[in-house]
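Data block for query-v2.pdb (PDB, C-alpha atoms):
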ATOM      1  CA  LYS H   1      38.873   2.245  84.838  1.00  0.00           C
ATOM      2  CA  ALA H   2      38.458   5.616  86.487  1.00  0.00           C
ATOM      3  CA  GLY H   3      36.634   5.626  89.805  1.00  0.00           C
ATOM      4  CA  VAL H   4      33.731   7.728  90.935  1.00  0.00           C
ATOM      5  CA  THR H   5      34.591  11.402  90.695  1.00  0.00           C
ATOM      6  CA  GLN H   6      32.977  14.056  92.826  1.00  0.00           C
ATOM      7  CA  THR H   7      33.450  17.773  92.414  1.00  0.00           C
ATOM      8  CA  PRO H   8      34.198  19.994  94.109  1.00  0.00           C
ATOM      9  CA  ARG H   9      36.016  18.404  97.054  1.00  0.00           C
ATOM     10  CA  TYR H  10      35.336  21.306  99.387  1.00  0.00           C
ATOM     11  CA  LEU H  11      32.688  24.009  99.494  1.00  0.00           C
ATOM     12  CA  ILE H  12      31.996  26.823 101.918  1.00  0.00           C
ATOM     13  CA  LYS H  13      28.614  28.492 101.685  1.00  0.00           C
ATOM     14  CA  THR H  14      26.559  30.788 103.845  1.00  0.00           C
ATOM     15  CA  ARG H  15      23.069  30.165 105.178  1.00  0.00           C
ATOM     16  CA  GLY H  16      20.335  30.757 102.656  1.00  0.00           C
ATOM     17  CA  GLN H  17      22.491  30.085  99.620  1.00  0.00           C
ATOM     18  CA  GLN H  18      22.124  27.117  97.348  1.00  0.00           C
ATOM     19  CA  VAL H  19      24.730  24.624  96.199  1.00  0.00           C
ATOM     20  CA  THR H  20      25.160  22.076  93.418  1.00  0.00           C
ATOM     21  CA  LEU H  21      27.373  19.021  93.750  1.00  0.00           C
ATOM     22  CA  SER H  22      28.470  16.846  90.867  1.00  0.00           C
ATOM     23  CA  CYS H  23      29.177  13.139  90.536  1.00  0.00           C
ATOM     24  CA  SER H  24      30.562  11.151  87.608  1.00  0.00           C
ATOM     25  CA  PRO H  25      30.067   7.406  88.085  1.00  0.00           C
ATOM     26  CA  ILE H  26      32.324   4.621  86.952  1.00  0.00           C
ATOM     27  CA  SER H  27      32.020   4.123  83.215  1.00  0.00           C
ATOM     28  CA  GLY H  28      29.157   1.735  82.492  1.00  0.00           C
ATOM     29  CA  HIS H  29      27.490   2.219  85.860  1.00  0.00           C
ATOM     30  CA  ARG H  30      23.967   3.496  85.487  1.00  0.00           C
ATOM     31  CA  SER H  31      22.866   3.722  89.107  1.00  0.00           C
ATOM     32  CA  VAL H  32      23.976   6.657  91.238  1.00  0.00           C
ATOM     33  CA  SER H  33      23.145   7.069  94.915  1.00  0.00           C
ATOM     34  CA  TRP H  34      23.794  10.004  97.212  1.00  0.00           C
ATOM     35  CA  TYR H  35      24.473   9.857 100.943  1.00  0.00           C
ATOM     36  CA  GLN H  36      24.929  12.494 103.605  1.00  0.00           C
ATOM     37  CA  GLN H  37      27.505  11.690 106.277  1.00  0.00           C
ATOM     38  CA  THR H  38      27.651  13.562 109.570  1.00  0.00           C
ATOM     39  CA  PRO H  39      29.301  12.632 112.888  1.00  0.00           C
ATOM     40  CA  GLY H  40      25.960  12.509 114.674  1.00  0.00           C
ATOM     41  CA  GLN H  41      23.775  10.741 112.097  1.00  0.00           C
ATOM     42  CA  GLY H  42      26.271   8.585 110.223  1.00  0.00           C
ATOM     43  CA  LEU H  43      25.484   7.711 106.612  1.00  0.00           C
ATOM     44  CA  GLN H  44      22.012   8.702 105.557  1.00  0.00           C
ATOM     45  CA  PHE H  45      20.553   7.847 102.171  1.00  0.00           C
ATOM     46  CA  LEU H  46      19.392  10.818 100.130  1.00  0.00           C
ATOM     47  CA  PHE H  47      18.252   9.382  96.791  1.00  0.00           C
ATOM     48  CA  GLU H  48      19.101   7.021  93.973  1.00  0.00           C
ATOM     49  CA  TYR H  49      18.911   7.568  90.231  1.00  0.00           C
ATOM     50  CA  PHE H  50      18.870   5.137  87.348  1.00  0.00           C
ATOM     51  CA  SER H  51      18.463   6.057  83.688  1.00  0.00           C
ATOM     52  CA  GLU H  52      17.641   9.660  84.580  1.00  0.00           C
ATOM     53  CA  THR H  53      14.813   8.586  86.916  1.00  0.00           C
ATOM     54  CA  GLN H  54      14.744   8.878  90.675  1.00  0.00           C
ATOM     55  CA  ARG H  55      13.849   5.429  91.944  1.00  0.00           C
ATOM     56  CA  ASN H  56      14.192   5.872  95.665  1.00  0.00           C
ATOM     57  CA  LYS H  57      14.333   8.746  98.095  1.00  0.00           C
ATOM     58  CA  GLY H  58      15.342   9.024 101.729  1.00  0.00           C
ATOM     59  CA  ASN H  59      13.766  11.152 104.441  1.00  0.00           C
ATOM     60  CA  PHE H  60      15.141  14.561 103.570  1.00  0.00           C
ATOM     61  CA  PRO H  61      13.243  17.811 103.012  1.00  0.00           C
ATOM     62  CA  GLY H  62      12.422  19.024  99.546  1.00  0.00           C
ATOM     63  CA  ARG H  63      15.366  21.430  99.682  1.00  0.00           C
ATOM     64  CA  PHE H  64      17.449  18.431  98.674  1.00  0.00           C
ATOM     65  CA  SER H  65      17.017  17.465  95.057  1.00  0.00           C
ATOM     66  CA  GLY H  66      18.937  15.722  92.366  1.00  0.00           C
ATOM     67  CA  ARG H  67      18.981  14.716  88.778  1.00  0.00           C
ATOM     68  CA  GLN H  68      20.784  12.389  86.432  1.00  0.00           C
ATOM     69  CA  PHE H  69      21.834  13.033  82.891  1.00  0.00           C
ATOM     70  CA  SER H  70      21.807  10.707  79.910  1.00  0.00           C
ATOM     71  CA  ASN H  71      25.524   9.944  80.414  1.00  0.00           C
ATOM     72  CA  SER H  72      24.708   8.810  84.003  1.00  0.00           C
ATOM     73  CA  ARG H  73      26.425  11.802  85.594  1.00  0.00           C
ATOM     74  CA  SER H  74      24.432  13.115  88.500  1.00  0.00           C
ATOM     75  CA  GLU H  75      24.038  16.346  90.370  1.00  0.00           C
ATOM     76  CA  MET H  76      22.469  17.113  93.692  1.00  0.00           C
ATOM     77  CA  ASN H  77      21.234  20.498  94.745  1.00  0.00           C
ATOM     78  CA  VAL H  78      20.562  21.894  98.166  1.00  0.00           C
ATOM     79  CA  SER H  79      18.618  25.133  98.334  1.00  0.00           C
ATOM     80  CA  THR H  80      18.223  27.572 101.230  1.00  0.00           C
ATOM     81  CA  LEU H  81      21.191  26.113 103.063  1.00  0.00           C
ATOM     82  CA  GLU H  82      21.030  25.631 106.814  1.00  0.00           C
ATOM     83  CA  LEU H  83      23.873  25.184 109.285  1.00  0.00           C
ATOM     84  CA  GLY H  84      22.781  21.578 109.765  1.00  0.00           C
ATOM     85  CA  ASP H  85      23.475  20.826 106.108  1.00  0.00           C
ATOM     86  CA  SER H  86      27.204  20.895 106.833  1.00  0.00           C
ATOM     87  CA  ALA H  87      28.341  17.385 106.030  1.00  0.00           C
ATOM     88  CA  LEU H  88      30.320  15.134 103.754  1.00  0.00           C
ATOM     89  CA  TYR H  89      28.185  14.273 100.734  1.00  0.00           C
ATOM     90  CA  LEU H  90      29.068  10.969  99.161  1.00  0.00           C
ATOM     91  CA  CYS H  91      28.104   9.673  95.778  1.00  0.00           C
ATOM     92  CA  ALA H  92      28.156   5.963  94.983  1.00  0.00           C
ATOM     93  CA  SER H  93      27.630   4.101  91.741  1.00  0.00           C
ATOM     94  CA  SER H  94      26.774   0.542  90.792  1.00  0.00           C
ATOM     95  CA  PRO H  95      26.033  -1.140  87.481  1.00  0.00           C
ATOM     96  CA  THR H  96      22.264  -1.339  87.739  1.00  0.00           C
ATOM     97  CA  GLY H  97      21.356  -0.745  91.346  1.00  0.00           C
ATOM     98  CA  GLN H  98      19.172  -3.844  91.182  1.00  0.00           C
ATOM     99  CA  ASN H  99      21.685  -6.534  92.039  1.00  0.00           C
ATOM    100  CA  LYS H 100      21.728  -6.845  95.793  1.00  0.00           C
ATOM    101  CA  ASN H 101      25.142  -8.510  95.891  1.00  0.00           C
ATOM    102  CA  SER H 102      26.799  -5.762  93.888  1.00  0.00           C
ATOM    103  CA  PRO H 103      28.854  -3.428  96.080  1.00  0.00           C
ATOM    104  CA  LEU H 104      28.619   0.327  95.887  1.00  0.00           C
ATOM    105  CA  HIS H 105      31.600   2.248  94.553  1.00  0.00           C
ATOM    106  CA  PHE H 106      32.091   5.521  96.359  1.00  0.00           C
ATOM    107  CA  GLY H 107      33.688   8.798  95.424  1.00  0.00           C
ATOM    108  CA  ASN H 108      35.802  10.759  97.878  1.00  0.00           C
ATOM    109  CA  GLY H 109      32.940  13.080  98.673  1.00  0.00           C
ATOM    110  CA  THR H 110      32.283  16.794  98.774  1.00  0.00           C
ATOM    111  CA  ARG H 111      32.811  18.441 102.135  1.00  0.00           C
ATOM    112  CA  LEU H 112      30.172  21.177 102.511  1.00  0.00           C
ATOM    113  CA  THR H 113      30.520  23.736 105.265  1.00  0.00           C
ATOM    114  CA  VAL H 114      27.665  26.149 105.864  1.00  0.00           C
ATOM    115  CA  THR H 115      28.470  29.270 107.890  1.00  0.00           C
TER     116      THR H 115
ATOM    117  CA  ALA R   1      12.898  -3.887 107.216  1.00  0.00           C
ATOM    118  CA  GLN R   2      16.613  -4.485 107.174  1.00  0.00           C
ATOM    119  CA  SER R   3      19.135  -3.006 109.588  1.00  0.00           C
ATOM    120  CA  VAL R   4      22.616  -3.492 110.985  1.00  0.00           C
ATOM    121  CA  THR R   5      23.916  -2.699 114.445  1.00  0.00           C
ATOM    122  CA  GLN R   6      27.573  -2.080 115.097  1.00  0.00           C
ATOM    123  CA  LEU R   7      28.601  -2.499 118.711  1.00  0.00           C
ATOM    124  CA  GLY R   8      31.154   0.036 119.821  1.00  0.00           C
ATOM    125  CA  SER R   9      31.614   3.342 118.062  1.00  0.00           C
ATOM    126  CA  HIS R  10      35.304   3.349 119.005  1.00  0.00           C
ATOM    127  CA  VAL R  11      37.679   0.414 119.347  1.00  0.00           C
ATOM    128  CA  SER R  12      41.340   0.646 120.337  1.00  0.00           C
ATOM    129  CA  VAL R  13      43.851  -2.132 119.841  1.00  0.00           C
ATOM    130  CA  SER R  14      47.613  -2.367 120.114  1.00  0.00           C
ATOM    131  CA  GLU R  15      49.653  -2.875 117.001  1.00  0.00           C
ATOM    132  CA  GLY R  16      49.925  -6.608 116.390  1.00  0.00           C
ATOM    133  CA  ALA R  17      46.826  -7.451 118.429  1.00  0.00           C
ATOM    134  CA  LEU R  18      43.637  -9.056 117.182  1.00  0.00           C
ATOM    135  CA  VAL R  19      41.056  -6.756 115.626  1.00  0.00           C
ATOM    136  CA  LEU R  20      37.398  -7.628 116.241  1.00  0.00           C
ATOM    137  CA  LEU R  21      34.644  -5.310 115.033  1.00  0.00           C
ATOM    138  CA  ARG R  22      31.105  -6.440 115.722  1.00  0.00           C
ATOM    139  CA  CYS R  23      28.098  -6.284 113.449  1.00  0.00           C
ATOM    140  CA  ASN R  24      24.637  -7.789 113.918  1.00  0.00           C
ATOM    141  CA  TYR R  25      22.012  -7.663 111.222  1.00  0.00           C
ATOM    142  CA  SER R  26      18.274  -7.824 111.050  1.00  0.00           C
ATOM    143  CA  SER R  27      16.653  -8.947 107.847  1.00  0.00           C
ATOM    144  CA  SER R  28      13.456 -10.723 106.934  1.00  0.00           C
ATOM    145  CA  VAL R  29      15.123 -12.413 103.982  1.00  0.00           C
ATOM    146  CA  PRO R  30      18.618 -13.877 103.538  1.00  0.00           C
ATOM    147  CA  PRO R  31      20.865 -10.849 103.652  1.00  0.00           C
ATOM    148  CA  TYR R  32      23.731  -9.746 101.519  1.00  0.00           C
ATOM    149  CA  LEU R  33      26.306  -8.240 103.875  1.00  0.00           C
ATOM    150  CA  PHE R  34      29.249  -5.961 103.326  1.00  0.00           C
ATOM    151  CA  TRP R  35      32.065  -4.355 105.242  1.00  0.00           C
ATOM    152  CA  TYR R  36      33.428  -1.041 104.023  1.00  0.00           C
ATOM    153  CA  VAL R  37      36.391   0.999 105.272  1.00  0.00           C
ATOM    154  CA  GLN R  38      36.730   4.761 105.218  1.00  0.00           C
ATOM    155  CA  TYR R  39      40.058   6.508 105.634  1.00  0.00           C
ATOM    156  CA  PRO R  40      40.115  10.194 106.639  1.00  0.00           C
ATOM    157  CA  ASN R  41      38.826  12.533 103.948  1.00  0.00           C
ATOM    158  CA  GLN R  42      38.005   9.688 101.615  1.00  0.00           C
ATOM    159  CA  GLY R  43      34.958   7.781 100.505  1.00  0.00           C
ATOM    160  CA  LEU R  44      34.102   4.231 101.494  1.00  0.00           C
ATOM    161  CA  GLN R  45      35.816   1.292  99.871  1.00  0.00           C
ATOM    162  CA  LEU R  46      34.747  -2.323  99.931  1.00  0.00           C
ATOM    163  CA  LEU R  47      36.626  -4.643 102.291  1.00  0.00           C
ATOM    164  CA  LEU R  48      34.597  -7.795 101.707  1.00  0.00           C
ATOM    165  CA  LYS R  49      31.112  -9.068 101.021  1.00  0.00           C
ATOM    166  CA  TYR R  50      28.994 -12.079 101.898  1.00  0.00           C
ATOM    167  CA  THR R  51      26.474 -13.298  99.396  1.00  0.00           C
ATOM    168  CA  THR R  52      25.769 -17.018  99.681  1.00  0.00           C
ATOM    169  CA  GLY R  53      27.903 -20.090 100.129  1.00  0.00           C
ATOM    170  CA  ALA R  54      31.000 -20.118 102.335  1.00  0.00           C
ATOM    171  CA  THR R  55      30.364 -18.468 105.666  1.00  0.00           C
ATOM    172  CA  LEU R  56      33.958 -17.321 106.153  1.00  0.00           C
ATOM    173  CA  VAL R  57      34.697 -14.481 103.787  1.00  0.00           C
ATOM    174  CA  LYS R  58      38.168 -13.177 103.108  1.00  0.00           C
ATOM    175  CA  GLY R  59      38.716  -9.582 102.104  1.00  0.00           C
ATOM    176  CA  ILE R  60      41.481  -7.169 101.352  1.00  0.00           C
ATOM    177  CA  ASN R  61      44.290  -6.140 103.722  1.00  0.00           C
ATOM    178  CA  GLY R  62      44.075  -9.397 105.713  1.00  0.00           C
ATOM    179  CA  PHE R  63      40.539  -8.856 106.977  1.00  0.00           C
ATOM    180  CA  GLU R  64      37.917 -11.576 107.113  1.00  0.00           C
ATOM    181  CA  ALA R  65      34.385 -11.946 108.414  1.00  0.00           C
ATOM    182  CA  GLU R  66      32.259 -14.889 109.429  1.00  0.00           C
ATOM    183  CA  PHE R  67      28.543 -15.066 108.691  1.00  0.00           C
ATOM    184  CA  LYS R  68      26.665 -16.725 111.566  1.00  0.00           C
ATOM    185  CA  LYS R  69      22.994 -17.072 110.791  1.00  0.00           C
ATOM    186  CA  SER R  70      22.137 -18.453 114.236  1.00  0.00           C
ATOM    187  CA  GLU R  71      23.602 -15.346 115.851  1.00  0.00           C
ATOM    188  CA  THR R  72      22.619 -12.939 113.042  1.00  0.00           C
ATOM    189  CA  SER R  73      26.186 -11.690 113.136  1.00  0.00           C
ATOM    190  CA  PHE R  74      28.841 -10.743 110.634  1.00  0.00           C
ATOM    191  CA  HIS R  75      31.839  -9.747 112.735  1.00  0.00           C
ATOM    192  CA  LEU R  76      35.020  -8.438 111.095  1.00  0.00           C
ATOM    193  CA  THR R  77      38.399  -9.708 112.268  1.00  0.00           C
ATOM    194  CA  LYS R  78      42.073  -9.370 111.506  1.00  0.00           C
ATOM    195  CA  PRO R  79      44.676 -11.449 113.363  1.00  0.00           C
ATOM    196  CA  SER R  80      47.282  -8.709 113.707  1.00  0.00           C
ATOM    197  CA  ALA R  81      46.537  -4.986 113.607  1.00  0.00           C
ATOM    198  CA  HIS R  82      48.728  -2.639 111.640  1.00  0.00           C
ATOM    199  CA  MET R  83      48.985   1.108 112.044  1.00  0.00           C
ATOM    200  CA  SER R  84      47.562   1.542 108.565  1.00  0.00           C
ATOM    201  CA  ASP R  85      44.320  -0.164 109.693  1.00  0.00           C
ATOM    202  CA  ALA R  86      43.320   2.935 111.632  1.00  0.00           C
ATOM    203  CA  ALA R  87      40.110   4.026 109.927  1.00  0.00           C
ATOM    204  CA  GLU R  88      36.344   3.888 110.279  1.00  0.00           C
ATOM    205  CA  TYR R  89      34.594   0.651 109.399  1.00  0.00           C
ATOM    206  CA  PHE R  90      31.005   0.288 108.283  1.00  0.00           C
ATOM    207  CA  CYS R  91      28.877  -2.807 108.141  1.00  0.00           C
ATOM    208  CA  ALA R  92      26.082  -2.750 105.556  1.00  0.00           C
ATOM    209  CA  VAL R  93      23.164  -4.945 104.504  1.00  0.00           C
ATOM    210  CA  SER R  94      21.614  -5.067 101.074  1.00  0.00           C
ATOM    211  CA  ASN R  95      18.243  -6.321  99.985  1.00  0.00           C
ATOM    212  CA  SER R  96      16.499  -5.652  96.759  1.00  0.00           C
ATOM    213  CA  GLY R  97      12.892  -4.722  96.332  1.00  0.00           C
ATOM    214  CA  GLY R  98      13.015  -3.998  92.664  1.00  0.00           C
ATOM    215  CA  TYR R  99      16.131  -1.996  93.281  1.00  0.00           C
ATOM    216  CA  GLN R 100      19.112  -2.402  95.555  1.00  0.00           C
ATOM    217  CA  LYS R 101      18.641  -0.849  98.990  1.00  0.00           C
ATOM    218  CA  VAL R 102      21.742  -0.596 101.159  1.00  0.00           C
ATOM    219  CA  THR R 103      21.539   0.200 104.848  1.00  0.00           C
ATOM    220  CA  PHE R 104      24.697   1.145 106.727  1.00  0.00           C
ATOM    221  CA  GLY R 105      25.593   0.758 110.360  1.00  0.00           C
ATOM    222  CA  THR R 106      26.728   3.737 112.392  1.00  0.00           C
ATOM    223  CA  GLY R 107      30.387   2.875 111.979  1.00  0.00           C
ATOM    224  CA  THR R 108      33.253   1.875 114.271  1.00  0.00           C
ATOM    225  CA  LYS R 109      36.403   3.952 114.466  1.00  0.00           C
ATOM    226  CA  LEU R 110      39.446   1.764 114.917  1.00  0.00           C
ATOM    227  CA  GLN R 111      42.451   3.227 116.685  1.00  0.00           C
ATOM    228  CA  VAL R 112      45.739   1.314 116.552  1.00  0.00           C
ATOM    229  CA  ILE R 113      48.155   2.077 119.343  1.00  0.00           C
ATOM    230  CA  PRO R 114      51.871   1.646 118.602  1.00  0.00           C
TER     231      PRO R 114
END

Would you write out, as structure tokens, the structure that this file holds?
Amino acid sequence: KAGVTQTPRYLIKTRGQQVTLSCSPISGHRSVSWYQQTPGQGLQFLFEYFSETQRNKGNFPGRFSGRQFSNSRSEMNVSTLELGDSALYLCASSPTGQNKNSPLHFGNGTRLTVT
Amino acid sequence: AQSVTQLGSHVSVSEGALVLLRCNYSSSVPPYLFWYVQYPNQGLQLLLKYTTGATLVKGINGFEAEFKKSETSFHLTKPSAHMSDAAEYFCAVSNSGGYQKVTFGTGTKLQVIP
């Protein structure tokens, strides 16, 4: 079974631009979560999607948004980029996102650098 | 609210020495606990998980963790460190409130000295 795939692996953007990151979950997984990882803040939860619906959202400004398609693939978008948005963005999938003993399966992330 | 605290953001051990990474949890209900490992430029991968039952959990790569309810701890150990164990390790707790909510610790970077 193929793992979680995130594209692109690396992105360099300038302040004020917007960016879209993509995530393809493991086949059959319907829950997709997004995390931002920075050296200072660690792993911070952005949002979680299930069946094209956002079920949970972390404490990020509205510039961060996402969506999920009918095939469970997900995208996240960051508008009006700021220097502080530079981070590794990780996507994780799980079968339903409702089973608390089910581990998350992570992709290798997208490294975003904002200059 | 659930949370995990990892003591020590950096741990150094000699190759062949015992690895001990500490994690304490806070949860109002019986927790489901996980350890993940992250190698440079990669995502997180599951090392082991505790659900219910046996308190000593064995994972991949020779790691194990013991769930101690009285101490609210879930420390990760490995008897003999290998150079390939150098990575960052994250403890996580999961509770569901209609959906799975996973909270991660701040991570511990393990350095293995030859």

Do you know which residues the PyMOL selection byres ((chain H and resi 75) around 10) returns on this file, as a compact mmCIF listing (two decimals) with C-alpha atoms, keeping the file's coordinate frame?
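Resulting contents of part04.txt:
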# COMPACT_ATOMS: atom_id res chain seq x y z
CA GLN H 6 32.98 14.06 92.83
CA THR H 7 33.45 17.77 92.41
CA THR H 20 25.16 22.08 93.42
CA LEU H 21 27.37 19.02 93.75
CA SER H 22 28.47 16.85 90.87
CA CYS H 23 29.18 13.14 90.54
CA SER H 24 30.56 11.15 87.61
CA VAL H 32 23.98 6.66 91.24
CA TRP H 34 23.79 10.00 97.21
CA SER H 65 17.02 17.46 95.06
CA GLY H 66 18.94 15.72 92.37
CA ARG H 67 18.98 14.72 88.78
CA GLN H 68 20.78 12.39 86.43
CA PHE H 69 21.83 13.03 82.89
CA SER H 72 24.71 8.81 84.00
CA ARG H 73 26.42 11.80 85.59
CA SER H 74 24.43 13.12 88.50
CA MET H 76 22.47 17.11 93.69
CA ASN H 77 21.23 20.50 94.74
CA CYS H 91 28.10 9.67 95.78

The ChimeraX specification (/R :<12) & /H resolved against shown file, as a count of residues only: 56

How many Å lie between CA of Ser12 in chain R and CA of Met83 in chain R, rounded to one decimal? 11.3 Å

Using all atoms of range 52-63 of chain H listed in the file and a margin of 4 Å per side, can you give the axis-aligned box centre and edge lengths in Å to one decimal, as JSON?
{"center_x": 15.0, "center_y": 13.4, "center_z": 94.5, "size_x": 13.2, "size_y": 24.0, "size_z": 27.9}

Run through the PyMOL selection byres ((chain H and resi 84) around 10) on the given coordinates and return the selected residues as a count of residues only. 11

Fewer than 2 positions away in the same chain doesn't count, so skip those; otherwise give me all residues within 12 Å of Lys78 in chain R, counting all atoms listed in the file, as a list of chain:residue names.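 Returned residues: R:Val13, R:Glu15, R:Gly16, R:Ala17, R:Leu18, R:Val19, R:Leu20, R:Leu21, R:Leu47, R:Val57, R:Lys58, R:Gly59, R:Ile60, R:Asn61, R:Gly62, R:Phe63, R:Glu64, R:Ala65, R:Glu66, R:His75, R:Leu76, R:Ser80, R:Ala81, R:His82, R:Asp85, R:Leu110.
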
Please indicate the distance in Å from CA of Gln2 in chain R to CA of Arg63 in chain H, rounded to one decimal place.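 These atoms are spaced 27.0 Å apart.
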